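The structure appears below as structure tokens.
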Amino acid sequence: MKKTLFLCLTMLLGFTGLASAQKLSPLGIWTNEEKKATFEIYQSGDKLFGKIVSLTIPNDPATGKPKLDTQNPDPKLRNRPRLGLVFMKNFEKDSENKWDDGTIYNPEDGKTYSCYMKVLNANTMEVKGYIGFSLIGKSQTWTRVK
């Protein structure tokens with residue numbers, strides 16, 4: 001009897017843990033540590049992408065016009081607005097709470113980096129951009145907005 005009860009409790013806890021692990025999804029609206037913007041992580045096909053959905057300061061203080069992608073290395077793209085910009089691309093699921101092999105574009109310096117996203121809990125996610133190996137790079141903790 002005790003063995004059966006123990007087995008049932010173990011299975012119940014295992015299923016509860018599995019259910020909570022499956023809820024660790026990066027899909028939704030997030031903000032970065034500086035809170036300069038909010039980003040939507042969304043799925044297209046079997047890959048994840050991210051776009052800028054709001055900016056704390058949406059307009060360029062010098063011109064009063066919406067901020068543009070002025071630092072882009074491609075001159076043809078320098079007139080596109082930052083708002084709505086898809087800046088995270090092609091993330092593939094690596095493990096239960098990690099998406100890897102994507103890229104992240106920084107419109108403030110015009111550079112693109114390799115990147116991974118790792119959901120730490122329901123409301124926080126580590127986002128790391130790097131060149132070459134993920135051991136060297138910059139991490140940020142993003143907070144879920146919704």
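Please note that chains go A, B, ... in the order of the structure tokens, that every chain numbers its residues from 1, and that ligands are numbered from 1 in the order shown.
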
For segment 117-126 of chain A: contacts at 12 Å, only C-alpha atoms, fewer than 3 positions along chain excluded, given as a PyMOL selection string
chain A and resi 20-33+41+48-50+88-104+114+129-130+134+138-146

Residues near Ile131 of chain A, anyone? I mean within 8 Å using only C-alpha atoms, not counting same-chain ones fewer than 5 positions away, as an NGL selection string.
:A and (113-114 or 136-137)

Which of these, A:Gly110, A:Val127, A:Lys51, A:Glu34, has the shortest distance to Asn72 of chain A once you count only C-alpha atoms?
A:Gly110

From A:Lys128, A:Lys111, A:Lys47, A:Lys36, residue lying nearest Phe87 of chain A [only C-alpha atoms]:
A:Lys111

Please give the complete set of residues from chain A that DSSP, run on the backbone, assigns to strand (DSSP E), formatted as a PyMOL selection string.
chain A and resi 28-31+37-44+47-55+86-95+98-106+111-121+124-130+137-144

If we count only C-alpha atoms and set the cut-off at 12 Å, which residues sit around Lys65 of chain A, ignoring sequence neighbours fewer than 4 positions away in its own chain? Please answer as a ChimeraX atom specification.
/A:57-61,79,81-83

Taking C-alpha atoms for each residue, export the selection above as a PDB file, in the first residue's frame.
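Written file, result_39.pdb:
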ATOM      1  CA  ILE A  57      11.103  57.321 -26.569  1.00  0.00           C
ATOM      2  CA  PRO A  58       9.595  56.565 -29.988  1.00  0.00           C
ATOM      3  CA  ASN A  59      10.710  59.773 -31.678  1.00  0.00           C
ATOM      4  CA  ASP A  60      14.183  61.079 -32.388  1.00  0.00           C
ATOM      5  CA  PRO A  61      14.719  64.063 -30.021  1.00  0.00           C
ATOM      6  CA  ASN A  79      15.084  54.749 -43.405  1.00  0.00           C
ATOM      7  CA  PRO A  81      11.318  52.629 -38.625  1.00  0.00           C
ATOM      8  CA  ARG A  82      12.572  50.911 -35.477  1.00  0.00           C
ATOM      9  CA  LEU A  83       9.009  50.413 -34.301  1.00  0.00           C
TER      10      LEU A  83
END

Those in chain A with alpha helix (DSSP H) from DSSP, as a list of chain:residue names
A:Lys2, A:Lys3, A:Thr4, A:Leu5, A:Phe6, A:Leu7, A:Cys8, A:Leu9, A:Thr10, A:Met11, A:Leu12, A:Leu13, A:Gly14, A:Phe15, A:Thr16, A:Gly17, A:Leu18, A:Ala19, A:Ser20, A:Ala21, A:Gln22

Rounded to one decimal, what separation in Å do you get between atom CA of Pro73 of chain A and atom CA of Asp46 of chain A?
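Separation of atom CA of Pro73 of chain A and atom CA of Asp46 of chain A: 28.5 Å.
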